[in-house]
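Encoded as structure tokens, the structure appears first; notes follow it.
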Amino acid sequence: MKTTRLFLARGLLALGLIAFGATAQAANDLPGQGITVQPLKSSLAEEAFQTLLVMRALEKLGYKVEPMKDLEPATEHLAIANGDATFMANHWSLLHADFYKNSGGDARLWRQGTYSDGAVQGYLIDRKTAEQYNITNLAQLKDPAIAKLFDADGDGKADLTGCNPGWGCELAIENHLNAYQLRDSVTHKQGSYAALMADTIARFKQDKPILYYTWTPYWVSAVLRPGADVVWLQVPFSPAQAGAQVDTRLPNGRNYGFLANEQRIVANRTFIEKNPAAGRLFEVMKLPISDINAQNLRMSEGANSMQDVTRHTDGWIRVHQATFDGWIAQARAAAR
């Protein structure tokens, strides 16, 4: 009888250990279970792809991920710092530096690793006009005759398709207009960047001169191809930024007036301290800039609904399943 009781006790203990082990394993596999996450992006529709990829990875870790919300970059940083949102996947480490600092910096925000690197910004004109008038430098627009070539509204000044207020790049452009003494010859056109670029592309197709600001990764450079359709303009010297002199020359020696940039994931610091799995995930995720460009181009060609972006994201994961699973494995390991 005692032997029977002993075997029964051992059996129950073994079952208990198995059940405990299964529960522990489930907790390790889903470290985000029961935790809600709020992602943000700007009003730029092309940021949805990068953001949704992070959301998919968080869901794999068990987090409940709310639909992404749109805010402009300065407000995004502040909302994340205040705990009203969890993360953004499109923080430009240099362009958004003041937004990061003014929202509390490292004390309230967190960023580790580089999600996408090799981003460049600058000014371009159509190649035909560049070659015909030997235009290579932004400072040449001080010449009223050169500036008038890019006059789209008849006021005699060059019309520069610029940057939306609140994005950060508009401040750099305004700084350049002062630094290179272009106020009297160049008008910084602002509003809806997508609409302004649609007009710019339409002018190009009509064989008219164009002048615009853009960045990579973005679909514009797949439609207006640098070196083939358009050319980058260099600047006469590196401008002062935030009161300090900064060398904006790129590794290839060219100087477009902007430093090469990286896109990083920024998150609420308190959330990261409580969720090491999410922190490790954000740190190790890396998305090639060429893949962002390719997806953005598909959006510019009409596949731009949220359903389309979801299909693109899920397709990327299937093609890069080993990479995606590697991110998840490292995040789960951090939770243990």
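Identifiers for the structure tokens are assigned positionally: chains receive A, B, ... in sequence, residues are indexed from 1 per chain, and ligands are indexed from 1 in the order shown.
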
Write out as a PDB file with N, CA, C and O atoms, in the first residue's frame all residues of stretch 129-333 of chain A that DSSP puts in strand (DSSP E or B) for this structure's backbone.
```
ATOM      1  N   ASN A 137      25.951  73.298 -57.786  1.00  0.00           N
ATOM      2  CA  ASN A 137      25.994  73.728 -56.396  1.00  0.00           C
ATOM      3  C   ASN A 137      24.771  74.573 -56.061  1.00  0.00           C
ATOM      4  O   ASN A 137      24.339  75.416 -56.865  1.00  0.00           O
ATOM      5  N   ALA A 158      13.207  81.016 -57.669  1.00  0.00           N
ATOM      6  CA  ALA A 158      13.180  79.552 -57.783  1.00  0.00           C
ATOM      7  C   ALA A 158      12.190  78.980 -56.779  1.00  0.00           C
ATOM      8  O   ALA A 158      12.151  79.418 -55.617  1.00  0.00           O
ATOM      9  N   ASP A 159      11.394  78.018 -57.200  1.00  0.00           N
ATOM     10  CA  ASP A 159      10.452  77.345 -56.304  1.00  0.00           C
ATOM     11  C   ASP A 159      11.033  76.001 -55.892  1.00  0.00           C
ATOM     12  O   ASP A 159      11.173  75.081 -56.706  1.00  0.00           O
ATOM     13  N   LEU A 160      11.369  75.897 -54.624  1.00  0.00           N
ATOM     14  CA  LEU A 160      11.956  74.685 -54.057  1.00  0.00           C
ATOM     15  C   LEU A 160      10.874  73.858 -53.389  1.00  0.00           C
ATOM     16  O   LEU A 160      10.241  74.306 -52.421  1.00  0.00           O
ATOM     17  N   THR A 161      10.605  72.676 -53.913  1.00  0.00           N
ATOM     18  CA  THR A 161       9.686  71.751 -53.244  1.00  0.00           C
ATOM     19  C   THR A 161      10.367  71.288 -51.969  1.00  0.00           C
ATOM     20  O   THR A 161      11.377  70.593 -52.006  1.00  0.00           O
ATOM     21  N   VAL A 186      15.130  82.255 -53.719  1.00  0.00           N
ATOM     22  CA  VAL A 186      14.506  80.925 -53.600  1.00  0.00           C
ATOM     23  C   VAL A 186      13.310  80.992 -52.653  1.00  0.00           C
ATOM     24  O   VAL A 186      13.401  81.574 -51.565  1.00  0.00           O
ATOM     25  N   THR A 187      12.206  80.385 -53.052  1.00  0.00           N
ATOM     26  CA  THR A 187      11.020  80.251 -52.199  1.00  0.00           C
ATOM     27  C   THR A 187      10.898  78.798 -51.749  1.00  0.00           C
ATOM     28  O   THR A 187      10.894  77.882 -52.576  1.00  0.00           O
ATOM     29  N   HIS A 188      10.812  78.617 -50.435  1.00  0.00           N
ATOM     30  CA  HIS A 188      10.660  77.275 -49.856  1.00  0.00           C
ATOM     31  C   HIS A 188       9.168  76.924 -49.851  1.00  0.00           C
ATOM     32  O   HIS A 188       8.396  77.419 -49.038  1.00  0.00           O
ATOM     33  N   LYS A 189       8.761  76.064 -50.785  1.00  0.00           N
ATOM     34  CA  LYS A 189       7.366  75.658 -50.891  1.00  0.00           C
ATOM     35  C   LYS A 189       7.065  74.548 -49.894  1.00  0.00           C
ATOM     36  O   LYS A 189       7.705  73.486 -49.913  1.00  0.00           O
ATOM     37  N   LEU A 211      13.274  71.695 -59.052  1.00  0.00           N
ATOM     38  CA  LEU A 211      14.172  71.835 -57.900  1.00  0.00           C
ATOM     39  C   LEU A 211      13.417  71.318 -56.680  1.00  0.00           C
ATOM     40  O   LEU A 211      12.318  71.798 -56.395  1.00  0.00           O
ATOM     41  N   TYR A 212      13.982  70.351 -55.993  1.00  0.00           N
ATOM     42  CA  TYR A 212      13.262  69.780 -54.851  1.00  0.00           C
ATOM     43  C   TYR A 212      14.215  69.208 -53.810  1.00  0.00           C
ATOM     44  O   TYR A 212      15.375  68.900 -54.097  1.00  0.00           O
ATOM     45  N   TYR A 213      13.695  69.074 -52.601  1.00  0.00           N
ATOM     46  CA  TYR A 213      14.384  68.380 -51.503  1.00  0.00           C
ATOM     47  C   TYR A 213      13.780  66.984 -51.380  1.00  0.00           C
ATOM     48  O   TYR A 213      12.565  66.809 -51.527  1.00  0.00           O
ATOM     49  N   THR A 214      14.630  65.998 -51.102  1.00  0.00           N
ATOM     50  CA  THR A 214      14.105  64.668 -50.774  1.00  0.00           C
ATOM     51  C   THR A 214      15.108  63.922 -49.920  1.00  0.00           C
ATOM     52  O   THR A 214      16.174  64.431 -49.575  1.00  0.00           O
ATOM     53  N   TRP A 215      14.768  62.707 -49.595  1.00  0.00           N
ATOM     54  CA  TRP A 215      15.595  61.869 -48.728  1.00  0.00           C
ATOM     55  C   TRP A 215      15.476  60.429 -49.194  1.00  0.00           C
ATOM     56  O   TRP A 215      14.604  60.067 -49.976  1.00  0.00           O
ATOM     57  N   PRO A 226      18.392  59.594 -59.448  1.00  0.00           N
ATOM     58  CA  PRO A 226      19.629  60.369 -59.393  1.00  0.00           C
ATOM     59  C   PRO A 226      20.679  59.806 -60.353  1.00  0.00           C
ATOM     60  O   PRO A 226      20.897  58.596 -60.421  1.00  0.00           O
ATOM     61  N   VAL A 230      17.829  63.079 -62.648  1.00  0.00           N
ATOM     62  CA  VAL A 230      18.125  64.246 -61.817  1.00  0.00           C
ATOM     63  C   VAL A 230      19.538  64.130 -61.255  1.00  0.00           C
ATOM     64  O   VAL A 230      20.160  63.059 -61.323  1.00  0.00           O
ATOM     65  N   VAL A 231      20.038  65.227 -60.686  1.00  0.00           N
ATOM     66  CA  VAL A 231      21.372  65.213 -60.066  1.00  0.00           C
ATOM     67  C   VAL A 231      21.293  65.888 -58.698  1.00  0.00           C
ATOM     68  O   VAL A 231      20.489  66.809 -58.487  1.00  0.00           O
ATOM     69  N   TRP A 232      22.126  65.418 -57.780  1.00  0.00           N
ATOM     70  CA  TRP A 232      22.242  66.041 -56.460  1.00  0.00           C
ATOM     71  C   TRP A 232      23.031  67.333 -56.584  1.00  0.00           C
ATOM     72  O   TRP A 232      24.019  67.408 -57.317  1.00  0.00           O
ATOM     73  N   LEU A 233      22.608  68.350 -55.852  1.00  0.00           N
ATOM     74  CA  LEU A 233      23.371  69.591 -55.756  1.00  0.00           C
ATOM     75  C   LEU A 233      24.217  69.569 -54.495  1.00  0.00           C
ATOM     76  O   LEU A 233      23.733  69.204 -53.419  1.00  0.00           O
ATOM     77  N   GLN A 234      25.465  69.949 -54.618  1.00  0.00           N
ATOM     78  CA  GLN A 234      26.303  70.088 -53.440  1.00  0.00           C
ATOM     79  C   GLN A 234      26.125  71.491 -52.860  1.00  0.00           C
ATOM     80  O   GLN A 234      25.477  72.358 -53.469  1.00  0.00           O
ATOM     81  N   ALA A 240      26.442  75.619 -40.215  1.00  0.00           N
ATOM     82  CA  ALA A 240      26.377  75.461 -38.761  1.00  0.00           C
ATOM     83  C   ALA A 240      25.007  74.898 -38.401  1.00  0.00           C
ATOM     84  O   ALA A 240      24.001  75.261 -39.005  1.00  0.00           O
ATOM     85  N   GLN A 241      24.983  73.985 -37.449  1.00  0.00           N
ATOM     86  CA  GLN A 241      23.722  73.383 -37.014  1.00  0.00           C
ATOM     87  C   GLN A 241      23.634  73.492 -35.502  1.00  0.00           C
ATOM     88  O   GLN A 241      24.559  73.098 -34.791  1.00  0.00           O
ATOM     89  N   ALA A 244      26.548  75.089 -33.834  1.00  0.00           N
ATOM     90  CA  ALA A 244      27.871  74.449 -33.906  1.00  0.00           C
ATOM     91  C   ALA A 244      28.198  74.109 -35.352  1.00  0.00           C
ATOM     92  O   ALA A 244      27.315  73.790 -36.139  1.00  0.00           O
ATOM     93  N   GLN A 245      29.481  74.181 -35.673  1.00  0.00           N
ATOM     94  CA  GLN A 245      29.910  73.829 -37.017  1.00  0.00           C
ATOM     95  C   GLN A 245      29.966  72.312 -37.148  1.00  0.00           C
ATOM     96  O   GLN A 245      30.557  71.629 -36.323  1.00  0.00           O
ATOM     97  N   ARG A 249      30.154  66.570 -44.999  1.00  0.00           N
ATOM     98  CA  ARG A 249      30.674  65.803 -46.127  1.00  0.00           C
ATOM     99  C   ARG A 249      30.427  64.312 -45.906  1.00  0.00           C
ATOM    100  O   ARG A 249      30.633  63.784 -44.827  1.00  0.00           O
ATOM    101  N   ASN A 255      29.198  66.823 -50.588  1.00  0.00           N
ATOM    102  CA  ASN A 255      28.599  67.551 -49.471  1.00  0.00           C
ATOM    103  C   ASN A 255      27.229  68.073 -49.893  1.00  0.00           C
ATOM    104  O   ASN A 255      27.126  69.017 -50.671  1.00  0.00           O
ATOM    105  N   ASN A 261      22.363  59.756 -42.281  1.00  0.00           N
ATOM    106  CA  ASN A 261      21.506  59.543 -41.119  1.00  0.00           C
ATOM    107  C   ASN A 261      21.170  58.075 -40.927  1.00  0.00           C
ATOM    108  O   ASN A 261      21.363  57.255 -41.830  1.00  0.00           O
ATOM    109  N   GLU A 262      20.673  57.751 -39.730  1.00  0.00           N
ATOM    110  CA  GLU A 262      20.168  56.407 -39.440  1.00  0.00           C
ATOM    111  C   GLU A 262      18.748  56.535 -38.921  1.00  0.00           C
ATOM    112  O   GLU A 262      18.409  57.517 -38.282  1.00  0.00           O
ATOM    113  N   GLN A 263      17.958  55.529 -39.206  1.00  0.00           N
ATOM    114  CA  GLN A 263      16.631  55.442 -38.607  1.00  0.00           C
ATOM    115  C   GLN A 263      16.701  54.443 -37.457  1.00  0.00           C
ATOM    116  O   GLN A 263      17.253  53.353 -37.604  1.00  0.00           O
ATOM    117  N   ARG A 264      16.131  54.828 -36.335  1.00  0.00           N
ATOM    118  CA  ARG A 264      16.184  53.991 -35.129  1.00  0.00           C
ATOM    119  C   ARG A 264      14.795  53.862 -34.522  1.00  0.00           C
ATOM    120  O   ARG A 264      13.910  54.685 -34.779  1.00  0.00           O
ATOM    121  N   ILE A 265      14.621  52.833 -33.734  1.00  0.00           N
ATOM    122  CA  ILE A 265      13.380  52.649 -32.990  1.00  0.00           C
ATOM    123  C   ILE A 265      13.542  53.364 -31.656  1.00  0.00           C
ATOM    124  O   ILE A 265      14.510  53.125 -30.930  1.00  0.00           O
ATOM    125  N   VAL A 266      12.611  54.237 -31.338  1.00  0.00           N
ATOM    126  CA  VAL A 266      12.612  54.944 -30.056  1.00  0.00           C
ATOM    127  C   VAL A 266      11.412  54.467 -29.250  1.00  0.00           C
ATOM    128  O   VAL A 266      10.299  54.360 -29.779  1.00  0.00           O
ATOM    129  N   ALA A 267      11.647  54.180 -27.970  1.00  0.00           N
ATOM    130  CA  ALA A 267      10.584  53.649 -27.115  1.00  0.00           C
ATOM    131  C   ALA A 267      10.572  54.359 -25.766  1.00  0.00           C
ATOM    132  O   ALA A 267      11.539  55.048 -25.394  1.00  0.00           O
ATOM    133  N   ASN A 268       9.495  54.195 -25.059  1.00  0.00           N
ATOM    134  CA  ASN A 268       9.382  54.706 -23.695  1.00  0.00           C
ATOM    135  C   ASN A 268      10.337  53.944 -22.787  1.00  0.00           C
ATOM    136  O   ASN A 268      10.343  52.706 -22.775  1.00  0.00           O
TER     137      ASN A 268
END
```

Item to complete: Using only C-alpha atoms, determine which residues lie at most 12 Å from A:Arg108, disregarding the query and same-chain residues fewer than 5 positions distant; provide the list as a PyMOL selection string.
Response: chain A and resi 77-83+86+100-103+266-273

Item to complete: Write out as a list in words each polymer residue whose atoms come within 6 Å of A:Ser42, counting only C-alpha atoms; drop sequence neighbours fewer than 5 positions from it.
Response: Asp70, Leu71 and Glu72 of chain A

Worksheet item: Counting only C-alpha atoms, what is within 12 Å of A:Trp327, bar same-chain residues fewer than 6 positions away, as a VMD selection string?
Response: chain A and resid 53 to 54 56 to 58 60 to 61 277 to 287 317 320 to 321 333 to 334

Go ahead and write the residues just picked, N, CA and C atoms, as a short mmCIF file (atom, residue, chain, number, x, y, z; two decimals), in the first residue's frame.
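Result file follows (selection-v8.cif):
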```cif
data_model
loop_
_atom_site.label_atom_id
_atom_site.label_comp_id
_atom_site.auth_asym_id
_atom_site.auth_seq_id
_atom_site.Cartn_x
_atom_site.Cartn_y
_atom_site.Cartn_z
N LEU A 53 6.22 46.09 -39.49
CA LEU A 53 7.15 44.98 -39.30
C LEU A 53 7.51 44.81 -37.82
N VAL A 54 7.72 45.91 -37.13
CA VAL A 54 8.00 45.85 -35.69
C VAL A 54 6.76 45.35 -34.95
N ARG A 56 4.49 43.30 -36.05
CA ARG A 56 4.37 41.86 -36.27
C ARG A 56 5.29 41.09 -35.31
N ALA A 57 6.49 41.59 -35.12
CA ALA A 57 7.44 40.92 -34.23
C ALA A 57 6.95 40.97 -32.78
N LEU A 58 6.41 42.10 -32.37
CA LEU A 58 5.88 42.22 -31.01
C LEU A 58 4.70 41.27 -30.80
N LYS A 60 4.31 38.44 -32.21
CA LYS A 60 4.89 37.10 -32.10
C LYS A 60 5.37 36.83 -30.68
N LEU A 61 5.71 37.89 -29.97
CA LEU A 61 6.17 37.76 -28.57
C LEU A 61 5.01 37.81 -27.59
N ALA A 277 12.46 41.81 -23.31
CA ALA A 277 12.28 41.14 -24.61
C ALA A 277 12.05 42.17 -25.71
N ALA A 278 11.19 43.15 -25.45
CA ALA A 278 10.94 44.20 -26.44
C ALA A 278 12.19 45.02 -26.68
N GLY A 279 12.93 45.31 -25.60
CA GLY A 279 14.16 46.07 -25.74
C GLY A 279 15.17 45.38 -26.63
N ARG A 280 15.33 44.09 -26.43
CA ARG A 280 16.27 43.34 -27.26
C ARG A 280 15.79 43.26 -28.70
N LEU A 281 14.48 43.10 -28.89
CA LEU A 281 13.92 43.07 -30.24
C LEU A 281 14.23 44.37 -30.97
N PHE A 282 13.94 45.50 -30.32
CA PHE A 282 14.17 46.80 -30.95
C PHE A 282 15.65 46.99 -31.27
N GLU A 283 16.51 46.44 -30.44
CA GLU A 283 17.95 46.61 -30.63
C GLU A 283 18.48 45.82 -31.82
N VAL A 284 17.94 44.61 -32.07
CA VAL A 284 18.52 43.73 -33.09
C VAL A 284 17.83 43.83 -34.45
N MET A 285 16.62 44.38 -34.51
CA MET A 285 15.94 44.48 -35.80
C MET A 285 16.73 45.40 -36.74
N LYS A 286 16.89 44.97 -37.98
CA LYS A 286 17.60 45.76 -38.97
C LYS A 286 16.96 45.52 -40.34
N LEU A 287 16.61 46.61 -41.01
CA LEU A 287 15.89 46.53 -42.28
C LEU A 287 16.71 47.22 -43.36
N ILE A 317 8.30 39.12 -44.44
CA ILE A 317 8.61 38.16 -43.36
C ILE A 317 8.78 36.76 -43.93
N HIS A 320 12.08 36.46 -45.60
CA HIS A 320 13.20 36.60 -44.67
C HIS A 320 12.86 35.91 -43.34
N GLN A 321 12.22 34.74 -43.42
CA GLN A 321 11.73 34.06 -42.23
C GLN A 321 12.85 33.76 -41.23
N ALA A 333 15.19 35.12 -25.51
CA ALA A 333 16.33 34.83 -24.65
C ALA A 333 16.53 35.95 -23.63
N ALA A 334 16.31 37.20 -24.05
CA ALA A 334 16.47 38.32 -23.14
C ALA A 334 15.45 38.28 -22.01
#
```

Item to complete: Tell me, as a ChimeraX atom specification, which residues lie within 10 Å of A:Met306, counting only C-alpha atoms; anything in the same chain fewer than 4 positions away does not count.
Response: /A:45,48-49,52,310-312

Just C-alpha atoms for this one: save the residues we selected as a PDB file, in the first residue's frame.
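Result went into result02.pdb, see below:
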```pdb
ATOM      1  CA  ALA A  45       2.170  56.895 -45.295  1.00  0.00           C
ATOM      2  CA  ALA A  48       3.744  52.220 -42.208  1.00  0.00           C
ATOM      3  CA  PHE A  49       5.851  49.356 -43.617  1.00  0.00           C
ATOM      4  CA  LEU A  52       4.107  47.246 -39.127  1.00  0.00           C
ATOM      5  CA  THR A 310       0.040  44.504 -44.637  1.00  0.00           C
ATOM      6  CA  ARG A 311       0.530  42.178 -47.605  1.00  0.00           C
ATOM      7  CA  HIS A 312       3.962  43.672 -48.304  1.00  0.00           C
TER       8      HIS A 312
END
```

Item to complete: Please identify all polymer residues within 9 Å of A:Gln33, counting only C-alpha atoms, omitting same-chain residues fewer than 6 positions from it, and present them as a PyMOL selection string.
Response: chain A and resi 27+61-64

Response to the item:
Across A:Asn175, A:Asn275, A:Asn304, A:Gln140, the smallest distance to A:Thr36, with only C-alpha atoms counted, is shown by A:Asn275

Discussion item. Given only C-alpha atoms as the basis, pick out the residue of A:Cys163, A:Val319, A:Cys169, A:Ala89 nearest to A:Ser192.
Written reply: A:Cys163

Item to complete: Name the residues of stretch 47-159 of chain A that come out as helix (DSSP H, G or I) in a backbone DSSP run; write them as a PyMOL selection string.
Response: chain A and resi 47-60+73-81+97-102+105-107+127-133+138-142+144-148

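Distances here use only C-alpha atoms; by that measure, the residue among A:Phe324, A:Trp316, A:Phe87, A:Tyr123 closest to A:Gly257 is A:Tyr123.
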
Worksheet item: Distance atom CA of A:Val120-atom CA of A:Asn252, one decimal place?
Response: 12.2 Å

Practice prompt. Would you please work out which residue, of A:Pro67, A:Gly105, A:Leu149, A:Arg183, is nearest to A:Ile135 when using only C-alpha atoms?
Written response: A:Leu149
